[in-house]
>>> print(open('structure-v5.cif').read())   # mmCIF, C-alpha atoms
data_query
loop_
_atom_site.label_atom_id
_atom_site.label_comp_id
_atom_site.auth_asym_id
_atom_site.auth_seq_id
_atom_site.Cartn_x
_atom_site.Cartn_y
_atom_site.Cartn_z
CA ASN A 1 0.00 0.00 0.00
CA ASP A 2 0.87 3.65 -0.44
CA ASP A 3 -1.48 5.30 2.11
CA ASP A 4 -0.22 8.82 1.61
CA GLY A 5 -0.06 8.59 -2.19
CA ASP A 6 3.50 9.83 -2.35
CA GLY A 7 4.68 7.10 -4.71
CA VAL A 8 6.58 5.29 -1.97
CA LYS A 9 5.16 2.02 -0.70
CA ASN A 10 4.42 1.86 3.03
CA VAL A 11 7.05 -0.82 3.52
CA CYS A 12 9.70 1.64 2.37
CA ASP A 13 8.05 4.89 3.51
CA THR A 14 9.16 6.29 6.92
CA ASP A 15 6.01 8.46 7.14
CA ASP A 16 3.13 6.42 5.77
CA ASP A 17 0.43 9.05 6.37
CA ASN A 18 2.64 12.01 5.43
CA ASP A 19 1.71 13.94 8.59
CA GLY A 20 5.26 15.02 9.36
CA VAL A 21 5.78 12.49 12.14
CA ILE A 22 7.90 9.45 11.30
CA ASP A 23 6.11 6.14 11.67
CA SER A 24 8.30 4.95 14.56
CA ALA A 25 7.16 7.95 16.63
CA ASP A 26 3.56 7.98 15.36
CA ARG A 27 0.96 6.15 17.46
CA PHE A 28 -1.28 6.16 14.33
CA PRO A 29 1.15 5.84 11.40
CA VAL A 30 -1.56 5.55 8.73
CA ASP A 31 -3.94 8.19 10.14
CA ALA A 32 -2.81 11.71 9.31
CA SER A 33 -5.30 13.20 11.82
CA GLU A 34 -3.72 11.49 14.84
CA THR A 35 -0.21 10.98 16.17
CA VAL A 36 -0.50 10.67 19.97
CA ASP A 37 -2.58 8.57 22.40
CA THR A 38 -1.58 9.82 25.85
CA ASP A 39 -3.77 7.43 27.85
CA ASN A 40 -3.28 4.45 25.50
CA ASP A 41 -7.00 3.89 25.14
CA GLY A 42 -6.86 3.43 21.36
CA VAL A 43 -8.37 6.87 20.68
CA GLY A 44 -5.98 9.56 19.45
CA ASP A 45 -5.68 12.74 21.46
CA ASN A 46 -7.35 14.88 18.78
CA ALA A 47 -10.53 12.79 18.97
CA ASP A 48 -10.26 11.90 22.67
CA LEU A 49 -12.18 14.19 25.06
CA ASP A 50 -9.98 13.05 27.97
CA ASP A 51 -6.48 12.61 26.62
CA ASP A 52 -4.84 11.50 29.86
CA GLY A 53 -7.69 9.29 31.10
CA ASP A 54 -7.94 11.03 34.48
CA GLU A 55 -11.76 11.31 34.31
CA MET A 56 -11.58 15.09 33.87
CA PRO A 57 -12.43 16.31 30.35
CA ASP A 58 -9.68 18.14 28.49
CA ALA A 59 -11.82 21.25 28.03
CA TRP A 60 -12.51 21.44 31.78
CA GLU A 61 -8.83 21.01 32.61
CA ILE A 62 -7.81 23.73 30.17
CA THR A 63 -10.46 26.09 31.58
CA TYR A 64 -8.95 25.80 35.06
CA GLY A 65 -5.29 25.78 34.02
CA LEU A 66 -4.72 22.06 34.54
CA ASN A 67 -2.75 19.82 32.17
CA PRO A 68 -4.98 17.67 29.90
CA VAL A 69 -2.11 15.27 29.17
CA ASN A 70 -0.97 14.77 32.78
CA ALA A 71 -3.08 12.24 34.68
CA GLY A 72 -1.16 13.07 37.87
CA ASP A 73 -3.09 16.29 38.40
CA ARG A 74 -6.19 14.21 39.15
CA ASN A 75 -5.10 13.89 42.78
CA ALA A 76 -3.63 17.37 43.09
CA ASP A 77 -5.45 20.05 45.09
CA ALA A 78 -4.88 23.25 43.16
CA ASP A 79 -6.69 25.53 45.64
CA GLY A 80 -5.65 23.77 48.84
CA ASP A 81 -9.21 23.28 50.12
CA GLY A 82 -8.84 19.57 50.85
CA PHE A 83 -10.75 18.43 47.73
CA ASN A 84 -8.60 17.02 44.92
CA ASN A 85 -9.22 18.16 41.34
CA ARG A 86 -11.15 15.00 40.36
CA THR A 87 -13.48 15.45 43.34
CA GLU A 88 -14.04 19.10 42.42
CA TYR A 89 -14.96 18.10 38.86
CA GLY A 90 -17.40 15.48 40.14
CA ARG A 91 -19.01 17.95 42.55
CA GLY A 92 -19.23 20.72 39.97
CA THR A 93 -17.07 23.05 42.06
CA ASP A 94 -14.19 25.34 41.10
CA PRO A 95 -10.79 23.62 41.58
CA ILE A 96 -8.91 26.92 41.85
CA ASP A 97 -11.26 28.66 44.32
CA PHE A 98 -10.70 27.77 47.98
CA CYS A 99 -14.27 28.77 48.85
CA SER A 100 -15.83 26.48 46.25
CA PRO A 101 -17.34 24.51 47.92
CA GLY A 102 -15.79 26.09 51.04
CA VAL A 103 -14.54 24.40 54.18
CA ILE A 104 -14.19 25.09 57.89
CA GLU A 105 -10.53 25.83 58.57
CA SER A 106 -10.19 26.01 62.35
CA PHE A 107 -11.82 25.36 65.71
CA CYS A 108 -11.50 27.95 68.49
CA TYR A 109 -12.31 28.31 72.16
CA SER A 110 -12.07 30.94 74.87
CA PHE A 111 -11.54 29.73 78.43
CA TRP A 112 -10.95 32.07 81.35
CA ALA A 113 -11.51 32.72 85.06
CA ASP A 114 -13.59 35.63 86.32
CA GLU A 115 -11.88 35.66 89.75
CA ASP A 116 -9.45 33.06 91.14
CA PRO A 117 -7.40 31.84 88.11
CA GLY A 118 -6.35 28.69 89.96
CA GLN A 119 -9.73 27.12 89.21
CA CYS A 120 -9.28 27.29 85.42
CA GLY A 121 -6.07 25.56 84.37
CA GLY A 122 -4.39 24.15 81.31
CA GLU A 123 -4.47 26.43 78.28
CA VAL A 124 -6.49 29.50 79.19
CA GLY A 125 -7.29 32.45 76.94
CA GLU A 126 -8.36 32.30 73.30
CA ARG A 127 -6.96 29.44 71.24
CA CYS A 128 -7.54 28.29 67.64
CA VAL A 129 -6.32 25.08 66.01
CA PRO A 130 -6.56 23.93 62.37
CA VAL A 131 -9.13 21.32 61.41
CA GLY A 132 -7.61 17.92 62.17
CA GLU A 133 -5.67 19.01 65.27
CA TRP A 134 -6.60 18.68 68.93
CA SER A 135 -7.23 21.82 70.91
CA PRO A 136 -5.05 22.37 73.98
CA THR A 137 -6.44 20.80 77.14
CA MET A 138 -8.64 22.86 79.44
CA GLU A 139 -8.71 21.99 83.16
CA ILE A 140 -11.88 22.84 85.09
CA MET A 141 -11.31 22.77 88.84
CA THR A 142 -13.89 25.11 90.35
CA ASP A 143 -14.48 24.68 94.07
CA GLU A 144 -15.07 26.90 97.08
CA ARG A 145 -12.61 29.52 95.82
CA ALA A 146 -13.96 32.82 94.49
CA GLY A 147 -15.46 32.89 91.02
CA GLY A 148 -15.61 30.27 88.32
CA CYS A 149 -14.63 29.40 84.73
CA LEU A 150 -16.19 30.70 81.52
CA GLN A 151 -16.15 29.10 78.08
CA ARG A 152 -17.25 29.91 74.54
CA PHE A 153 -16.57 28.27 71.17
CA SER A 154 -16.21 29.16 67.49
CA ILE A 155 -15.49 27.70 64.03
CA ARG A 156 -13.58 29.78 61.47
CA SER A 157 -13.13 30.01 57.71
CA ARG A 158 -12.04 32.61 55.19
CA CYS A 159 -15.21 31.63 53.29
CA VAL A 160 -17.69 34.16 54.66
CA GLY A 161 -21.26 32.86 54.62
CA LEU A 162 -20.31 29.19 54.78
CA ASP A 163 -23.23 27.06 55.96
CA ALA A 164 -21.97 25.70 59.29
CA ARG A 165 -22.79 26.02 63.00
CA ILE A 166 -21.33 24.73 66.24
CA CYS A 167 -23.50 24.35 69.35
CA VAL A 168 -22.96 23.47 72.99
CA ASP A 169 -25.97 22.63 75.11
CA PHE A 170 -25.05 23.78 78.63
CA GLN A 171 -27.36 22.76 81.46
CA GLY A 172 -27.44 22.57 85.25
CA THR A 173 -29.14 20.35 87.78
CA PRO A 174 -32.80 21.51 87.85
CA GLY A 175 -33.68 23.61 90.86
CA VAL A 176 -30.07 24.41 91.76
CA ALA A 177 -29.07 28.02 91.09
CA GLY A 178 -25.69 29.71 90.94
CA GLN A 179 -23.40 26.89 89.82
CA CYS A 180 -24.23 26.89 86.09
CA ASN A 181 -24.84 30.35 84.64
CA ASN A 182 -26.38 31.15 81.24
CA ILE A 183 -27.77 27.70 80.65
CA GLY A 184 -29.19 26.85 77.24
CA ASN A 185 -28.17 25.62 73.79
CA HIS A 186 -25.57 28.13 72.61
CA CYS A 187 -24.88 28.13 68.84
CA ALA A 188 -22.65 30.15 66.53
CA GLY A 189 -22.28 30.36 62.76
CA ILE A 190 -19.02 30.63 60.89
CA ASN A 191 -16.62 33.23 62.36
CA GLU A 192 -18.97 33.86 65.29
CA TRP A 193 -18.68 33.02 68.99
CA THR A 194 -21.26 31.16 71.01
CA ASP A 195 -22.54 33.08 74.02
CA PRO A 196 -20.24 32.47 76.99
CA PHE A 197 -21.43 30.32 79.87
CA ARG A 198 -20.07 30.08 83.40
CA MET A 199 -19.25 27.12 85.64
CA ASP A 200 -18.90 27.70 89.40
CA MET A 201 -19.45 24.26 90.90
CA ASP A 202 -18.58 23.83 94.58
CA GLY A 203 -19.76 21.76 97.54
CA ARG A 204 -23.41 22.47 96.84
CA TYR A 205 -25.72 19.82 95.44
CA GLY A 206 -25.86 19.43 91.67
CA PHE A 207 -23.57 19.91 88.69
CA CYS A 208 -23.29 21.25 85.12
CA THR A 209 -23.48 19.32 81.84
CA GLN A 210 -22.28 19.93 78.28
CA GLN A 211 -23.17 18.35 74.96
CA PHE A 212 -21.66 19.46 71.63
CA SER A 213 -23.11 19.31 68.12
CA ILE A 214 -22.19 20.61 64.67
CA THR A 215 -24.26 21.25 61.54
CA SER A 216 -23.04 21.90 58.00
CA SER A 217 -23.80 21.06 54.39
CA GLY A 218 -20.35 19.44 54.38
CA ALA A 219 -19.29 16.28 56.19
CA TYR A 220 -17.66 17.04 59.56
CA ARG A 221 -17.27 15.45 62.93
CA LEU A 222 -16.36 16.99 66.27
CA GLU A 223 -14.46 14.79 68.71
CA LEU A 224 -14.62 15.41 72.47
CA GLU A 225 -12.12 13.94 74.91
CA PHE A 226 -13.33 14.36 78.50
CA GLY A 227 -11.23 13.17 81.40
CA VAL A 228 -9.84 13.72 84.89
CA THR A 229 -6.79 15.74 85.92
CA SER A 230 -3.76 13.73 87.02
CA GLY A 231 -4.34 12.48 90.55
CA GLY A 232 -7.85 13.88 90.60
CA ASP A 233 -11.01 12.34 92.03
CA ALA A 234 -12.68 10.69 89.01
CA SER A 235 -16.15 10.86 90.57
CA GLN A 236 -16.22 14.60 89.82
CA CYS A 237 -16.22 14.01 86.04
CA ILE A 238 -19.26 12.19 84.69
CA ASN A 239 -19.16 10.20 81.43
CA THR A 240 -15.44 10.47 80.72
CA GLY A 241 -13.92 9.20 77.48
CA HIS A 242 -14.24 9.94 73.76
CA SER A 243 -17.45 10.82 71.97
CA THR A 244 -18.32 12.21 68.56
CA ALA A 245 -20.70 14.76 67.08
CA ARG A 246 -21.42 14.45 63.35
CA THR A 247 -23.07 16.67 60.78
CA THR A 248 -25.37 13.72 60.07
CA GLY A 249 -27.15 14.57 63.33
CA ALA A 250 -25.31 12.80 66.15
CA SER A 251 -24.14 14.82 69.16
CA THR A 252 -21.37 14.10 71.63
CA ASP A 253 -22.17 12.35 74.88
CA VAL A 254 -23.56 14.52 77.67
CA VAL A 255 -20.65 15.07 80.05
CA GLY A 256 -21.07 16.20 83.65
CA LEU A 257 -18.85 18.47 85.74
CA ASP A 258 -19.31 18.14 89.49
CA VAL A 259 -15.95 19.53 90.59
CA ASP A 260 -15.77 20.78 94.17
CA GLY A 261 -13.38 20.50 97.10
CA ARG A 262 -12.30 16.99 96.11
CA ALA A 263 -8.85 16.57 94.55
CA GLY A 264 -8.30 17.77 91.00
CA GLY A 265 -10.94 18.41 88.39
CA CYS A 266 -12.04 17.62 84.83
CA THR A 267 -10.13 17.98 81.56
CA GLU A 268 -11.56 18.73 78.16
CA ARG A 269 -10.18 19.02 74.64
CA LEU A 270 -11.82 18.92 71.21
CA ARG A 271 -10.89 18.23 67.62
CA LEU A 272 -12.82 19.07 64.44
CA LEU A 273 -12.34 16.93 61.33
CA HIS A 274 -13.85 16.97 57.87
CA GLY A 275 -14.73 13.97 55.76
CA LEU A 276 -11.60 14.21 53.64
CA GLY A 277 -9.17 13.48 56.44
CA VAL A 278 -10.77 11.55 59.27
CA VAL A 279 -8.13 10.48 61.75
CA ALA A 280 -8.88 7.46 63.95
CA PHE A 281 -8.07 7.39 67.66
#
>>> encode(input="structure-v5.cif", output="structure tokens")
Amino acid sequence: NDDDGDGVKNVCDTDDDNDGVIDSADRFPVDASETVDTDNDGVGDNADLDDDGDEMPDAWEITYGLNPVNAGDRNADADGDGFNNRTEYGRGTDPIDFCSPGVIESFCYSFWADEDPGQCGGEVGERCVPVGEWSPTMEIMTDERAGGCLQRFSIRSRCVGLDARICVDFQGTPGVAGQCNNIGNHCAGINEWTDPFRMDMDGRYGFCTQQFSITSSGAYRLELEFGVTSGGDASQCINTGHSTARTTGASTDVVGLDVDGRAGGCTERLRLLHGLGVVAF
């Protein structure tokens, strides 16, 4: 045969289709419209809508500055939002916009004493940690000393208007006043603080409880680790251990703080995770 009609038989011709690419380098040596098949699927790149076979169309990759002949960018995260490029394509979001779809970036708390600072130990003040990291440990040791401990919580993101809320349901033993101030379910949206609440447990009857929850259109979970200070009386801290709140509707366990004149107190730390990087205990 003489496929390119140049008067030289294919067996002797080094460029059978006369497309300027020698046969030894041409994936389609007798098809002048094709020379390359990046993903080796039998369809030349000119006709193939996904040249590198990474499940992201060439036109979409070009639109967002990705490489249509590099399958490795499938798992890259161009905007650093925790969603790889293939996931962004599947979700219909923008792979070079951090706020598309938008994620919570950090978890924050404020923890402070209104009088005697010895009752509120560990890491006091305002602290923020990235999603995926544990907060510092707070130590709640209120007793007969003056004053008590206050807390409030927040979730943060540079994506203003992100659909997410954190809540803590703070309650006290019914009929007992003064130990648990500003009871109720305190919630805050993105970049907001929950209302502060105050714990001033002592030798009186009753105690305070907390239960955390989180809501969002994304998949998140909030881990709570509740324990006892080293050498402390464990009976002051009710329902110790790990528990999890999820955006699917589950809340953490209800934990109780009945710290008084007994030794030590209760410890508390939290960690927020999203569905792209769940870390097991």
>>> residues_near_point(input="structure-v5.cif", point="(-21.9, 22.1, 73.5)", cutoff="10 Å", atoms="only C-alpha atoms", output="list in words")
Arg152, Phe153, Ile166, Cys167, Val168, Asp169, Phe170, Gln171, Gly184, Asn185, His186, Cys187, Thr194, Thr209, Gln210, Gln211, Phe212, Ser213, Ile214, Leu224, Ala245, Ser251, Thr252, Asp253, Val254 and Val255 of chain A
>>> write_last_selection(input="structure-v5.cif", atoms="C-alpha atoms", output="PDB file, keeping the file's coordinate frame")
ATOM      1  CA  ARG A 152     -17.250  29.910  74.540  1.00  0.00           C
ATOM      2  CA  PHE A 153     -16.570  28.270  71.170  1.00  0.00           C
ATOM      3  CA  ILE A 166     -21.330  24.730  66.240  1.00  0.00           C
ATOM      4  CA  CYS A 167     -23.500  24.350  69.350  1.00  0.00           C
ATOM      5  CA  VAL A 168     -22.960  23.470  72.990  1.00  0.00           C
ATOM      6  CA  ASP A 169     -25.970  22.630  75.110  1.00  0.00           C
ATOM      7  CA  PHE A 170     -25.050  23.780  78.630  1.00  0.00           C
ATOM      8  CA  GLN A 171     -27.360  22.760  81.460  1.00  0.00           C
ATOM      9  CA  GLY A 184     -29.190  26.850  77.240  1.00  0.00           C
ATOM     10  CA  ASN A 185     -28.170  25.620  73.790  1.00  0.00           C
ATOM     11  CA  HIS A 186     -25.570  28.130  72.610  1.00  0.00           C
ATOM     12  CA  CYS A 187     -24.880  28.130  68.840  1.00  0.00           C
ATOM     13  CA  THR A 194     -21.260  31.160  71.010  1.00  0.00           C
ATOM     14  CA  THR A 209     -23.480  19.320  81.840  1.00  0.00           C
ATOM     15  CA  GLN A 210     -22.280  19.930  78.280  1.00  0.00           C
ATOM     16  CA  GLN A 211     -23.170  18.350  74.960  1.00  0.00           C
ATOM     17  CA  PHE A 212     -21.660  19.460  71.630  1.00  0.00           C
ATOM     18  CA  SER A 213     -23.110  19.310  68.120  1.00  0.00           C
ATOM     19  CA  ILE A 214     -22.190  20.610  64.670  1.00  0.00           C
ATOM     20  CA  LEU A 224     -14.620  15.410  72.470  1.00  0.00           C
ATOM     21  CA  ALA A 245     -20.700  14.760  67.080  1.00  0.00           C
ATOM     22  CA  SER A 251     -24.140  14.820  69.160  1.00  0.00           C
ATOM     23  CA  THR A 252     -21.370  14.100  71.630  1.00  0.00           C
ATOM     24  CA  ASP A 253     -22.170  12.350  74.880  1.00  0.00           C
ATOM     25  CA  VAL A 254     -23.560  14.520  77.670  1.00  0.00           C
ATOM     26  CA  VAL A 255     -20.650  15.070  80.050  1.00  0.00           C
TER      27      VAL A 255
END
>>> closest_residue(input="structure-v5.cif", among="A:Gly265, A:Gly118, A:Gly80, A:Gly132", to="Gly232 (chain A)", atoms="all atoms listed in the file")
A:Gly265
>>> atom_distance(input="structure-v5.cif", atom1="CA of Pro196 (chain A)", atom2="CA of His242 (chain A)")
23.5 Å
>>> residues_around(input="structure-v5.cif", residues="region 97-106 of chain A", least_positions_apart="2", cutoff="10 Å", atoms="all atoms listed in the file", output="MDAnalysis selection string")
chainID A and resid 64 77:83 88 91:95 108 128:133 135 154:164 190:191 216:220 271:274
>>> atom_distance(input="structure-v5.cif", atom1="CA of Ala188 (chain A)", atom2="CA of Gln151 (chain A)")
13.3 Å
>>> closest_residue(input="structure-v5.cif", among="A:Met141, A:Ile96, A:Met56, A:Ile62", to="Val228 (chain A)", atoms="all atoms listed in the file")
A:Met141
>>> atom_distance(input="structure-v5.cif", atom1="CA of Met138 (chain A)", atom2="CA of Gly189 (chain A)")
22.8 Å
>>> resolve_selection(input="structure-v5.cif", expression="the PyMOL selection byres ((chain A and resi 125) around 7)", output="PyMOL selection string")
chain A and resi 110-112+123-124+126-127
>>> build_atoms(input="structure-v5.cif", residues="region 228-244 of chain A", atoms="N, CA and C atoms", output="PDB file, in the frame of the given file")
ATOM      1  N   VAL A 228     -10.100  13.305  83.512  1.00  0.00           N
ATOM      2  CA  VAL A 228      -9.840  13.720  84.890  1.00  0.00           C
ATOM      3  C   VAL A 228      -8.392  14.201  84.978  1.00  0.00           C
ATOM      4  N   THR A 229      -8.153  15.269  85.732  1.00  0.00           N
ATOM      5  CA  THR A 229      -6.790  15.740  85.920  1.00  0.00           C
ATOM      6  C   THR A 229      -5.956  14.669  86.637  1.00  0.00           C
ATOM      7  N   SER A 230      -4.660  14.707  86.403  1.00  0.00           N
ATOM      8  CA  SER A 230      -3.760  13.730  87.020  1.00  0.00           C
ATOM      9  C   SER A 230      -3.894  13.750  88.540  1.00  0.00           C
ATOM     10  N   GLY A 231      -4.185  12.592  89.112  1.00  0.00           N
ATOM     11  CA  GLY A 231      -4.340  12.480  90.550  1.00  0.00           C
ATOM     12  C   GLY A 231      -5.659  12.975  91.082  1.00  0.00           C
ATOM     13  N   GLY A 232      -6.564  13.344  90.182  1.00  0.00           N
ATOM     14  CA  GLY A 232      -7.850  13.880  90.600  1.00  0.00           C
ATOM     15  C   GLY A 232      -8.862  12.811  90.950  1.00  0.00           C
ATOM     16  N   ASP A 233      -9.914  13.227  91.640  1.00  0.00           N
ATOM     17  CA  ASP A 233     -11.010  12.340  92.030  1.00  0.00           C
ATOM     18  C   ASP A 233     -11.929  12.163  90.821  1.00  0.00           C
ATOM     19  N   ALA A 234     -11.939  10.951  90.245  1.00  0.00           N
ATOM     20  CA  ALA A 234     -12.680  10.690  89.010  1.00  0.00           C
ATOM     21  C   ALA A 234     -14.181  10.844  89.169  1.00  0.00           C
ATOM     22  N   SER A 235     -14.703  10.765  90.386  1.00  0.00           N
ATOM     23  CA  SER A 235     -16.150  10.860  90.570  1.00  0.00           C
ATOM     24  C   SER A 235     -16.676  12.262  90.275  1.00  0.00           C
ATOM     25  N   GLN A 236     -15.782  13.234  90.121  1.00  0.00           N
ATOM     26  CA  GLN A 236     -16.220  14.600  89.820  1.00  0.00           C
ATOM     27  C   GLN A 236     -16.550  14.790  88.338  1.00  0.00           C
ATOM     28  N   CYS A 237     -16.102  13.856  87.497  1.00  0.00           N
ATOM     29  CA  CYS A 237     -16.220  14.010  86.040  1.00  0.00           C
ATOM     30  C   CYS A 237     -17.070  12.865  85.503  1.00  0.00           C
ATOM     31  N   ILE A 238     -18.248  13.182  85.042  1.00  0.00           N
ATOM     32  CA  ILE A 238     -19.260  12.190  84.690  1.00  0.00           C
ATOM     33  C   ILE A 238     -19.244  11.913  83.194  1.00  0.00           C
ATOM     34  N   ASN A 239     -19.138  10.630  82.826  1.00  0.00           N
ATOM     35  CA  ASN A 239     -19.160  10.200  81.430  1.00  0.00           C
ATOM     36  C   ASN A 239     -17.850  10.543  80.721  1.00  0.00           C
ATOM     37  N   THR A 240     -16.738  10.198  81.325  1.00  0.00           N
ATOM     38  CA  THR A 240     -15.440  10.470  80.720  1.00  0.00           C
ATOM     39  C   THR A 240     -15.203   9.555  79.511  1.00  0.00           C
ATOM     40  N   GLY A 241     -14.267   9.975  78.661  1.00  0.00           N
ATOM     41  CA  GLY A 241     -13.920   9.200  77.480  1.00  0.00           C
ATOM     42  C   GLY A 241     -14.064  10.010  76.212  1.00  0.00           C
ATOM     43  N   HIS A 242     -14.090   9.302  75.067  1.00  0.00           N
ATOM     44  CA  HIS A 242     -14.240   9.940  73.760  1.00  0.00           C
ATOM     45  C   HIS A 242     -15.684   9.836  73.286  1.00  0.00           C
ATOM     46  N   SER A 243     -16.144  10.878  72.635  1.00  0.00           N
ATOM     47  CA  SER A 243     -17.450  10.820  71.970  1.00  0.00           C
ATOM     48  C   SER A 243     -17.406  11.736  70.757  1.00  0.00           C
ATOM     49  N   THR A 244     -18.376  11.561  69.868  1.00  0.00           N
ATOM     50  CA  THR A 244     -18.320  12.210  68.560  1.00  0.00           C
ATOM     51  C   THR A 244     -19.639  12.855  68.188  1.00  0.00           C
TER      52      THR A 244
END
